[in-house]
>>> print(open('data_20.csv').read())   # CSV, C-alpha atoms
chain,number,residue,atom,x,y,z
H,1,MET,CA,65.0,-0.9,-59.1
H,2,THR,CA,67.6,0.9,-57.0
H,3,GLU,CA,65.1,3.8,-56.3
H,4,LEU,CA,62.5,1.2,-55.2
H,5,LYS,CA,65.0,-0.4,-52.8
H,6,ASP,CA,65.9,3.0,-51.3
H,7,ARG,CA,62.3,4.1,-51.0
H,8,THR,CA,61.4,0.8,-49.3
H,9,ALA,CA,64.4,1.0,-46.9
H,10,ALA,CA,63.4,4.6,-46.0
H,11,SER,CA,59.8,3.5,-45.2
H,12,LEU,CA,61.0,0.5,-43.1
H,13,ALA,CA,63.3,2.8,-41.1
H,14,ALA,CA,60.4,5.3,-40.5
H,15,ILE,CA,58.1,2.5,-39.5
H,16,ALA,CA,60.7,1.1,-37.0
H,17,ALA,CA,61.1,4.6,-35.5
H,18,ALA,CA,57.4,5.4,-35.2
H,19,ASN,CA,56.5,5.7,-31.5
H,20,THR,CA,52.8,6.3,-31.7
H,21,LEU,CA,49.9,4.6,-33.4
H,22,ASP,CA,48.9,7.9,-35.1
H,23,ALA,CA,52.4,8.3,-36.6
H,24,LEU,CA,52.3,4.7,-37.8
H,25,GLU,CA,48.9,5.2,-39.4
H,26,ALA,CA,50.3,8.2,-41.3
H,27,LEU,CA,53.2,6.1,-42.6
H,28,ARG,CA,50.7,3.4,-43.7
H,29,ILE,CA,48.7,5.9,-45.7
H,30,ASP,CA,51.9,7.4,-47.2
H,31,ALA,CA,52.9,3.9,-48.5
H,32,LEU,CA,49.8,1.8,-48.9
H,33,GLY,CA,46.9,4.3,-49.0
H,34,LYS,CA,45.0,5.0,-52.2
H,35,GLN,CA,47.5,7.7,-53.1
H,36,GLY,CA,50.5,6.0,-51.5
H,37,TRP,CA,53.7,5.6,-53.3
H,38,ILE,CA,53.5,1.8,-53.5
H,39,SER,CA,49.9,2.0,-54.7
H,40,GLU,CA,51.0,4.4,-57.4
H,41,LEU,CA,53.7,2.0,-58.5
H,42,LEU,CA,51.1,-0.9,-58.7
H,43,LYS,CA,48.9,1.3,-60.9
H,44,THR,CA,51.8,1.6,-63.4
H,45,LEU,CA,52.0,-2.1,-64.0
H,46,GLY,CA,49.0,-1.9,-66.3
H,47,ARG,CA,50.8,0.5,-68.6
H,48,MET,CA,54.0,-1.7,-68.9
H,49,THR,CA,54.9,-4.1,-71.6
H,50,PRO,CA,54.7,-7.8,-70.6
H,51,GLU,CA,58.5,-7.9,-70.4
H,52,GLU,CA,58.7,-4.9,-68.1
H,53,ARG,CA,55.9,-6.2,-66.0
H,54,GLN,CA,57.6,-9.6,-65.6
H,55,THR,CA,60.7,-7.8,-64.3
H,56,GLN,CA,59.3,-5.1,-62.1
H,57,ALA,CA,56.0,-6.6,-60.7
H,58,PRO,CA,57.7,-9.1,-58.4
H,59,ALA,CA,59.9,-6.3,-56.9
H,60,ILE,CA,57.0,-4.0,-56.3
H,61,GLN,CA,54.9,-6.8,-54.8
H,62,ALA,CA,57.8,-7.8,-52.5
H,63,ALA,CA,58.2,-4.2,-51.4
H,64,ARG,CA,54.4,-4.0,-50.7
H,65,SER,CA,54.5,-7.2,-48.6
H,66,GLU,CA,57.6,-6.1,-46.7
H,67,VAL,CA,56.2,-2.7,-45.8
H,68,ALA,CA,52.8,-4.3,-44.8
H,69,ASP,CA,54.5,-6.8,-42.6
H,70,ALA,CA,56.6,-4.1,-40.9
H,71,LEU,CA,53.5,-2.0,-40.3
H,72,ALA,CA,51.7,-5.0,-38.7
H,73,ASP,CA,54.6,-5.9,-36.5
H,74,ARG,CA,55.2,-2.3,-35.3
H,75,LYS,CA,51.4,-1.8,-34.6
H,76,GLN,CA,51.4,-5.0,-32.4
H,77,ALA,CA,54.5,-3.8,-30.6
H,78,LEU,CA,53.1,-0.3,-29.9
H,79,GLU,CA,49.7,-1.7,-28.7
H,80,ALA,CA,51.6,-4.1,-26.4
H,81,ALA,CA,53.7,-1.3,-25.0
H,82,ASP,CA,50.6,0.9,-24.5
H,83,LEU,CA,48.9,-2.0,-22.6
H,84,GLU,CA,52.0,-2.5,-20.4
H,85,ALA,CA,52.0,1.3,-19.6
H,86,ARG,CA,48.4,1.3,-18.6
H,87,LEU,CA,48.8,-1.8,-16.4
H,88,ALA,CA,51.7,-0.1,-14.7
H,89,THR,CA,49.8,3.1,-14.0
H,90,GLU,CA,46.2,2.0,-13.6
H,91,THR,CA,45.0,0.5,-10.3
H,92,LEU,CA,41.7,-1.2,-9.3
H,93,ASP,CA,40.4,-0.4,-5.8
H,94,LEU,CA,38.6,-3.6,-4.8
H,95,THR,CA,37.1,-1.9,-1.7
H,96,LEU,CA,34.9,0.4,-3.9
H,97,PRO,CA,31.3,-0.6,-4.3
H,98,ALA,CA,30.3,-2.1,-7.6
H,99,PRO,CA,28.5,0.3,-10.0
H,100,GLU,CA,24.8,0.2,-9.6
H,101,SER,CA,23.1,-1.8,-12.4
H,102,PRO,CA,19.9,-0.4,-14.0
H,103,ARG,CA,16.9,-1.9,-12.2
H,104,GLY,CA,13.3,-2.2,-13.4
H,105,SER,CA,10.3,-1.3,-11.2
H,106,VAL,CA,7.1,-3.0,-10.3
H,107,HIS,CA,4.1,-1.4,-12.2
H,108,PRO,CA,1.5,0.3,-9.9
H,109,VAL,CA,-1.1,-2.2,-11.1
H,110,SER,CA,1.0,-5.2,-10.1
H,111,GLN,CA,1.7,-3.5,-6.8
H,112,VAL,CA,-1.9,-2.9,-6.0
H,113,MET,CA,-2.8,-6.5,-7.1
H,114,ASP,CA,-0.3,-7.7,-4.5
H,115,GLU,CA,-1.8,-5.4,-1.9
H,116,LEU,CA,-5.3,-6.6,-2.6
H,117,ALA,CA,-4.3,-10.2,-2.4
H,118,GLU,CA,-2.6,-9.6,0.9
H,119,ILE,CA,-5.7,-8.0,2.4
H,120,PHE,CA,-8.2,-10.5,1.2
H,121,ALA,CA,-6.0,-13.5,2.1
H,122,ASP,CA,-6.1,-12.2,5.7
H,123,LEU,CA,-9.9,-12.2,5.4
H,124,GLY,CA,-9.9,-15.8,4.2
H,125,PHE,CA,-10.4,-15.3,0.5
H,126,ALA,CA,-8.7,-17.5,-2.1
H,127,VAL,CA,-7.5,-16.1,-5.5
H,128,LYS,CA,-9.1,-17.5,-8.6
H,129,THR,CA,-8.4,-16.9,-12.2
H,130,GLY,CA,-10.0,-17.8,-15.5
H,131,PRO,CA,-9.6,-17.4,-19.3
H,132,GLU,CA,-9.6,-13.9,-20.8
H,133,ILE,CA,-11.3,-15.3,-24.0
H,134,GLU,CA,-14.7,-16.3,-22.8
H,135,ASP,CA,-17.9,-17.7,-24.3
H,136,GLU,CA,-21.1,-15.6,-24.0
H,137,TRP,CA,-22.8,-18.1,-21.6
H,138,HIS,CA,-20.2,-17.6,-18.9
H,139,ASN,CA,-19.8,-13.9,-19.6
H,140,PHE,CA,-23.5,-13.0,-20.0
H,141,THR,CA,-26.2,-15.7,-19.8
H,142,ALA,CA,-25.1,-17.3,-16.6
H,143,LEU,CA,-25.0,-13.8,-15.0
H,144,ASN,CA,-28.7,-13.2,-15.8
H,145,MET,CA,-27.9,-10.8,-18.6
H,146,PRO,CA,-30.6,-11.2,-21.3
H,147,GLU,CA,-30.0,-11.1,-25.1
H,148,SER,CA,-31.2,-7.5,-25.1
H,149,HIS,CA,-28.8,-6.2,-22.5
H,150,PRO,CA,-26.7,-3.3,-23.8
H,151,ALA,CA,-23.4,-4.8,-22.7
H,152,ARG,CA,-23.9,-7.5,-25.3
H,153,ALA,CA,-23.8,-5.0,-28.1
H,154,MET,CA,-20.9,-4.9,-30.5
H,155,HIS,CA,-20.0,-1.3,-29.6
H,156,ASP,CA,-19.5,-2.4,-26.0
H,157,THR,CA,-17.9,-5.8,-26.3
H,158,PHE,CA,-15.0,-7.3,-28.4
H,159,TYR,CA,-16.4,-10.4,-30.2
H,160,PHE,CA,-14.4,-13.0,-32.1
H,161,PRO,CA,-15.8,-14.5,-35.4
H,162,ASP,CA,-15.2,-18.0,-33.7
H,163,HIS,CA,-17.8,-20.1,-31.8
H,164,ASP,CA,-17.1,-22.8,-29.3
H,165,ASP,CA,-18.1,-26.5,-29.8
H,166,GLN,CA,-21.6,-25.7,-28.5
H,167,GLY,CA,-22.1,-22.8,-31.0
H,168,ARG,CA,-21.7,-20.0,-28.5
H,169,ARG,CA,-20.0,-16.8,-29.6
H,170,MET,CA,-16.5,-16.1,-28.2
H,171,LEU,CA,-15.4,-12.7,-26.8
H,172,LEU,CA,-12.9,-10.9,-24.7
H,173,ARG,CA,-14.4,-11.0,-21.2
H,174,THR,CA,-15.9,-7.7,-20.1
H,175,HIS,CA,-15.5,-8.5,-16.4
H,176,THR,CA,-14.0,-11.2,-14.2
H,177,SER,CA,-17.5,-12.4,-13.1
H,178,PRO,CA,-17.2,-15.5,-15.3
H,179,VAL,CA,-14.5,-16.7,-12.8
H,180,GLN,CA,-17.3,-16.6,-10.2
H,181,ILE,CA,-19.5,-18.8,-12.3
H,182,ARG,CA,-16.7,-21.2,-13.2
H,183,THR,CA,-15.8,-21.6,-9.5
H,184,MET,CA,-19.4,-22.2,-8.3
H,185,VAL,CA,-20.0,-24.8,-11.1
H,186,ALA,CA,-16.7,-26.6,-10.4
H,187,GLU,CA,-16.5,-26.4,-6.6
H,188,GLY,CA,-20.0,-25.8,-5.4
H,189,ALA,CA,-20.5,-24.0,-2.1
H,190,PRO,CA,-19.4,-22.5,0.3
H,191,VAL,CA,-17.2,-20.1,-1.7
H,192,ARG,CA,-15.0,-17.2,-0.7
H,193,ILE,CA,-12.9,-15.9,-3.5
H,194,ILE,CA,-11.5,-12.9,-5.3
H,195,ALA,CA,-11.0,-12.8,-9.0
H,196,PRO,CA,-8.4,-10.3,-10.3
H,197,GLY,CA,-7.4,-9.9,-13.9
H,198,ARG,CA,-7.6,-8.1,-17.2
H,199,VAL,CA,-10.9,-7.3,-18.8
H,200,TYR,CA,-11.8,-5.6,-22.1
H,201,ARG,CA,-14.5,-3.1,-23.2
H,202,SER,CA,-14.8,-0.8,-26.2
H,203,ASP,CA,-14.1,2.4,-24.3
H,204,SER,CA,-11.3,4.9,-24.3
H,205,ASP,CA,-10.7,8.3,-22.6
H,206,ALA,CA,-8.7,9.8,-19.7
H,207,THR,CA,-10.4,7.4,-17.2
H,208,HIS,CA,-11.2,4.5,-19.5
H,209,THR,CA,-9.1,2.2,-21.7
H,210,PRO,CA,-10.1,-0.7,-23.9
H,211,MET,CA,-8.2,-3.0,-21.6
H,212,PHE,CA,-8.1,-2.5,-17.8
H,213,HIS,CA,-7.8,-4.5,-14.6
H,214,GLN,CA,-10.6,-5.5,-12.3
H,215,ILE,CA,-11.0,-7.4,-9.1
H,216,GLU,CA,-14.3,-9.1,-8.0
H,217,GLY,CA,-15.2,-10.8,-4.8
H,218,LEU,CA,-17.7,-13.5,-4.1
H,219,VAL,CA,-18.9,-15.1,-0.9
H,220,ILE,CA,-21.4,-17.9,-0.9
H,221,ASP,CA,-22.5,-19.6,2.3
H,222,ARG,CA,-25.6,-20.1,4.5
H,223,GLY,CA,-27.1,-17.0,6.2
H,224,ILE,CA,-25.2,-14.4,4.3
H,225,HIS,CA,-26.7,-10.9,4.2
H,226,LEU,CA,-25.9,-7.3,3.3
H,227,GLY,CA,-24.3,-6.7,6.7
H,228,HIS,CA,-21.6,-9.1,5.9
H,229,LEU,CA,-21.0,-7.3,2.6
H,230,LYS,CA,-20.7,-3.9,4.2
H,231,TRP,CA,-18.3,-5.1,6.9
H,232,THR,CA,-16.1,-6.8,4.3
H,233,LEU,CA,-15.9,-3.7,2.1
H,234,GLU,CA,-15.2,-1.4,5.1
H,235,THR,CA,-12.5,-3.7,6.4
H,236,PHE,CA,-10.9,-4.0,3.0
H,237,LEU,CA,-11.0,-0.3,2.2
H,238,LYS,CA,-9.6,0.8,5.6
H,239,ALA,CA,-6.7,-1.7,5.2
H,240,PHE,CA,-6.0,-0.7,1.6
H,241,PHE,CA,-6.1,3.1,2.1
H,242,GLU,CA,-4.6,2.7,5.6
H,243,ARG,CA,-7.2,5.0,7.2
H,244,ASP,CA,-9.7,4.2,10.0
H,245,ASP,CA,-12.0,7.1,8.9
H,246,ILE,CA,-13.3,5.5,5.7
H,247,VAL,CA,-17.0,6.1,5.6
H,248,LEU,CA,-19.3,4.2,3.1
H,249,ARG,CA,-22.7,5.0,1.8
H,250,LEU,CA,-24.7,2.3,0.1
H,251,ARG,CA,-27.2,3.4,-2.5
H,252,PRO,CA,-29.9,1.1,-4.1
H,253,SER,CA,-29.0,0.3,-7.7
H,254,TYR,CA,-29.6,-2.4,-10.3
H,255,PHE,CA,-27.3,-5.1,-11.7
H,256,PRO,CA,-28.7,-8.2,-13.4
H,257,PHE,CA,-26.5,-10.5,-11.4
H,258,THR,CA,-27.3,-9.2,-7.9
H,259,GLU,CA,-30.6,-8.6,-6.1
H,260,PRO,CA,-30.7,-6.3,-4.1
H,261,SER,CA,-27.9,-4.3,-5.7
H,262,VAL,CA,-26.0,-1.4,-4.1
H,263,GLU,CA,-23.6,1.2,-5.4
H,264,VAL,CA,-20.9,1.9,-2.8
H,265,ASP,CA,-19.9,5.6,-2.3
H,266,VAL,CA,-17.0,6.7,-0.2
H,267,GLY,CA,-16.4,10.0,1.4
H,268,PHE,CA,-13.5,12.2,0.3
H,269,ALA,CA,-12.0,15.7,0.4
H,270,LEU,CA,-9.9,17.6,-2.0
H,271,GLU,CA,-6.4,18.3,-0.7
H,272,ASN,CA,-4.0,20.2,-3.0
H,273,GLY,CA,-6.1,19.3,-5.9
H,274,ARG,CA,-6.0,15.6,-5.1
H,275,ARG,CA,-8.9,13.4,-3.9
H,276,VAL,CA,-8.1,12.0,-0.5
H,277,LEU,CA,-10.5,9.4,0.8
H,278,GLY,CA,-11.7,9.7,4.4
H,279,GLY,CA,-14.5,11.1,6.5
H,280,SER,CA,-18.2,11.3,5.7
H,281,GLY,CA,-19.2,12.8,2.4
H,282,ASP,CA,-21.8,14.9,4.2
H,283,ALA,CA,-19.1,16.6,6.4
H,284,PRO,CA,-18.1,20.2,5.5
H,285,GLY,CA,-15.6,20.3,2.6
H,286,HIS,CA,-16.3,16.7,1.8
H,287,ALA,CA,-18.3,14.9,-0.9
H,288,TRP,CA,-19.3,11.4,-2.0
H,289,MET,CA,-17.6,9.5,-4.8
H,290,GLU,CA,-18.9,6.3,-6.3
H,291,LEU,CA,-16.2,3.6,-5.9
H,292,LEU,CA,-17.7,0.2,-6.7
H,293,GLY,CA,-20.8,-1.9,-7.3
H,294,SER,CA,-22.0,-4.8,-5.2
H,295,GLY,CA,-25.1,-6.7,-4.0
H,296,MET,CA,-26.6,-10.0,-3.0
H,297,VAL,CA,-26.1,-12.7,-5.7
H,298,ASN,CA,-29.2,-13.1,-7.7
H,299,ALA,CA,-31.1,-16.4,-7.1
H,300,ARG,CA,-31.1,-17.0,-10.9
H,301,VAL,CA,-27.3,-16.8,-11.0
H,302,LEU,CA,-27.1,-19.4,-8.1
H,303,GLU,CA,-29.5,-21.7,-10.0
H,304,MET,CA,-27.5,-21.5,-13.2
H,305,SER,CA,-24.4,-22.3,-11.3
H,306,GLY,CA,-25.9,-25.4,-9.8
H,307,LEU,CA,-26.7,-24.1,-6.3
H,308,ASP,CA,-30.0,-24.1,-4.5
H,309,PRO,CA,-30.9,-20.5,-3.6
H,310,ALA,CA,-33.1,-21.7,-0.7
H,311,GLU,CA,-30.0,-23.1,1.0
H,312,TRP,CA,-27.2,-20.8,-0.2
H,313,GLN,CA,-26.9,-17.0,-0.2
H,314,GLY,CA,-24.1,-14.8,-1.0
H,315,PHE,CA,-22.8,-11.4,-2.0
H,316,ALA,CA,-20.5,-10.1,-4.8
H,317,PHE,CA,-18.6,-6.9,-5.5
H,318,GLY,CA,-16.4,-5.6,-8.2
H,319,LEU,CA,-14.1,-2.6,-8.7
H,320,GLY,CA,-11.3,-1.4,-11.0
H,321,VAL,CA,-7.7,-2.0,-9.8
H,322,ASP,CA,-6.4,0.8,-12.0
H,323,ARG,CA,-8.8,3.3,-10.4
H,324,LEU,CA,-7.7,2.1,-6.9
H,325,ALA,CA,-4.1,2.8,-7.9
H,326,MET,CA,-5.0,6.2,-9.2
H,327,LEU,CA,-6.8,7.2,-6.0
H,328,LYS,CA,-4.1,5.8,-3.6
H,329,TYR,CA,-1.0,7.0,-5.4
H,330,GLY,CA,-2.1,10.3,-7.0
H,331,MET,CA,-2.3,9.5,-10.8
H,332,ASP,CA,-4.7,11.5,-12.9
H,333,ASP,CA,-4.7,9.8,-16.3
H,334,LEU,CA,-5.4,6.1,-16.8
H,335,ARG,CA,-3.9,6.1,-20.3
H,336,ALA,CA,-0.4,6.6,-18.9
H,337,PHE,CA,-0.7,3.2,-17.2
H,338,PHE,CA,-0.2,1.6,-20.6
H,339,ASP,CA,2.0,4.0,-22.5
H,340,GLY,CA,5.2,2.3,-21.5
H,341,ASP,CA,6.9,5.6,-20.7
H,342,ILE,CA,10.0,4.7,-18.7
H,343,ARG,CA,10.0,8.1,-17.0
H,344,TRP,CA,6.5,7.5,-15.7
H,345,LEU,CA,7.4,4.1,-14.5
H,346,ARG,CA,10.5,5.4,-12.7
H,347,HIS,CA,8.3,7.9,-10.9
H,348,TYR,CA,5.3,5.8,-10.1
H,349,GLY,CA,7.0,2.3,-10.1
H,350,PHE,CA,7.8,0.3,-7.0
H,351,SER,CA,10.9,-1.5,-5.9
H,352,ALA,CA,10.7,-5.3,-6.0
H,353,PHE,CA,11.5,-5.2,-2.3
H,354,ASP,CA,8.3,-3.2,-1.5
H,355,GLN,CA,6.3,-6.3,-0.6
H,356,PRO,CA,3.0,-5.4,1.0
H,357,THR,CA,2.3,-6.9,4.4
H,358,LEU,CA,-0.5,-6.2,6.8
H,359,SER,CA,1.9,-5.9,9.8
H,360,GLY,CA,4.0,-3.3,8.0
H,361,GLY,CA,1.2,-1.6,6.1
H,362,VAL,CA,0.2,-2.7,2.6
H,363,GLY,CA,1.1,0.8,1.2
H,364,VAL,CA,4.6,2.0,0.7
H,365,ARG,CA,4.1,5.7,0.1
H,366,ALA,CA,2.4,8.5,1.9
>>> encode(input="data_20.csv", output="structure tokens")
Amino acid sequence: MTELKDRTAASLAAIAAANTLDALEALRIDALGKQGWISELLKTLGRMTPEERQTQAPAIQAARSEVADALADRKQALEAADLEARLATETLDLTLPAPESPRGSVHPVSQVMDELAEIFADLGFAVKTGPEIEDEWHNFTALNMPESHPARAMHDTFYFPDHDDQGRRMLLRTHTSPVQIRTMVAEGAPVRIIAPGRVYRSDSDATHTPMFHQIEGLVIDRGIHLGHLKWTLETFLKAFFERDDIVLRLRPSYFPFTEPSVEVDVGFALENGRRVLGGSGDAPGHAWMELLGSGMVNARVLEMSGLDPAEWQGFAFGLGVDRLAMLKYGMDDLRAFFDGDIRWLRHYGFSAFDQPTLSGGVGVRA
């Protein structure tokens, strides 16, 4: 017992003299660690007779508690002293700017959507949206697309097993044209709207993805003709690409929902491997690039929307928002738009303060 008291006193003295947390930790291990001297004494209790254990166990447990309490008290004192020393030496300069917090960026598609809305709002267009899960009447039938049309095939369109209450098949919309139908049915004429949003088609490569973004425009009024369509597209594209030398070429085409229908080409030139829109495609070093489809709204579409084609005429157009972003801001792979790569977003993303305005220019980069 005398040896235990001496050993305990020596440990307590060493603990009281410890001047660093590392030195204190070494003393804790020496006494209370798995191989510590108190731990070894506790192991011997199992080999003692009941009489010996009754005599020595209380003393060993008392030594263990005394050493543990001393370690805890000394640790608290050393930590307090360390904090006091830091407070005495460290200073905070309140005049320094706060560290910059990580900030997100606006996705190029969202930025271009805002730019398009700004331009068309100035032209008097309203923004309309509709459901992304559509029925086949709004997506195909009302747009004069017969049952045999290739777009209705399973390999082009994502269908659901569900049907609506009228027995029509449900699908992920393949374009935003159903928004045009819904607007004409609900509001009648005249109409001047754009319909931006996500659309879905069974297609995937460097320039196509199963989900992409589209914007369509619709104007319905009395006396509307192709001249109005061409002026609208020229005005829009000049404002969007911020160039006055945008030249369009309209080629006859076919779409079931427009008659006559035209493909719209735009002149461009290659500069450092990048397509830059501007100039006539027939000029030296230039070429034509198909950009969008458009035309006069088919009389059957007007009739199915509840409008009299003898009184109302109109034009419609549609183009990919993702493709516009690629052409304007120099991206070459559509799949990167949806990879979620933070490095890509830091490079091509926009500040939330880069709000497009016509007075300041809808674009924010050269």
>>> residues_near_point(input="data_20.csv", point="(-34.3, -11.2, -10.4)", cutoff="10 Å", atoms="all atoms listed in the file", output="PDB file with C-alpha atoms, keeping the file's coordinate frame")
ATOM      1  CA  ASN H 144     -28.700 -13.200 -15.800  1.00  0.00           C
ATOM      2  CA  TYR H 254     -29.600  -2.400 -10.300  1.00  0.00           C
ATOM      3  CA  PHE H 255     -27.300  -5.100 -11.700  1.00  0.00           C
ATOM      4  CA  PRO H 256     -28.700  -8.200 -13.400  1.00  0.00           C
ATOM      5  CA  PHE H 257     -26.500 -10.500 -11.400  1.00  0.00           C
ATOM      6  CA  THR H 258     -27.300  -9.200  -7.900  1.00  0.00           C
ATOM      7  CA  GLU H 259     -30.600  -8.600  -6.100  1.00  0.00           C
ATOM      8  CA  PRO H 260     -30.700  -6.300  -4.100  1.00  0.00           C
ATOM      9  CA  VAL H 297     -26.100 -12.700  -5.700  1.00  0.00           C
ATOM     10  CA  ASN H 298     -29.200 -13.100  -7.700  1.00  0.00           C
ATOM     11  CA  ALA H 299     -31.100 -16.400  -7.100  1.00  0.00           C
ATOM     12  CA  ARG H 300     -31.100 -17.000 -10.900  1.00  0.00           C
ATOM     13  CA  VAL H 301     -27.300 -16.800 -11.000  1.00  0.00           C
TER      14      VAL H 301
END
>>> closest_residue(input="data_20.csv", among="H:Ala72, H:Leu250, H:Val191, H:Met145", to="H:Arg222", atoms="all atoms listed in the file")
H:Val191
>>> closest_residue(input="data_20.csv", among="H:Pro108, H:Gly188, H:Pro252, H:Gly36", to="H:Gly306", atoms="all atoms listed in the file")
H:Gly188
>>> atom_distance(input="data_20.csv", atom1="atom CA of H:Asp165", atom2="atom CA of H:Ser202")
26.2 Å
>>> atom_distance(input="data_20.csv", atom1="atom CA of H:Leu307", atom2="atom CA of H:Val219")
13.1 Å
>>> residues_around(input="data_20.csv", residues="H:Phe317", least_positions_apart="4", cutoff="9 Å", atoms="all atoms listed in the file", output="MDAnalysis selection string")
chainID H and resid 215:218 229 233 292:296
>>> atom_distance(input="data_20.csv", atom1="atom CA of H:Tyr348", atom2="atom CA of H:Thr176")
26.0 Å
>>> residues_near_point(input="data_20.csv", point="(61.8, -0.8, -41.7)", cutoff="12 Å", atoms="only C-alpha atoms", output="PyMOL selection string")
chain H and resi 5-18+24+27+63+65-74
>>> residues_around(input="data_20.csv", residues="H:His228", least_positions_apart="3", cutoff="10 Å", atoms="all atoms listed in the file", output="PDB file with C-alpha atoms, keeping the file's coordinate frame")
ATOM      1  CA  VAL H 219     -18.900 -15.100  -0.900  1.00  0.00           C
ATOM      2  CA  GLY H 223     -27.100 -17.000   6.200  1.00  0.00           C
ATOM      3  CA  ILE H 224     -25.200 -14.400   4.300  1.00  0.00           C
ATOM      4  CA  HIS H 225     -26.700 -10.900   4.200  1.00  0.00           C
ATOM      5  CA  TRP H 231     -18.300  -5.100   6.900  1.00  0.00           C
ATOM      6  CA  THR H 232     -16.100  -6.800   4.300  1.00  0.00           C
ATOM      7  CA  LEU H 233     -15.900  -3.700   2.100  1.00  0.00           C
ATOM      8  CA  GLY H 314     -24.100 -14.800  -1.000  1.00  0.00           C
ATOM      9  CA  PHE H 315     -22.800 -11.400  -2.000  1.00  0.00           C
TER      10      PHE H 315
END
>>> residues_around(input="data_20.csv", residues="H:Ser105", least_positions_apart="6", cutoff="9 Å", atoms="only C-alpha atoms", output="ChimeraX atom specification")
/H:345-346,348-352
>>> closest_residue(input="data_20.csv", among="H:Pro309, H:Pro97, H:Gly318, H:Gly340", to="H:Ile193", atoms="only C-alpha atoms")
H:Gly318
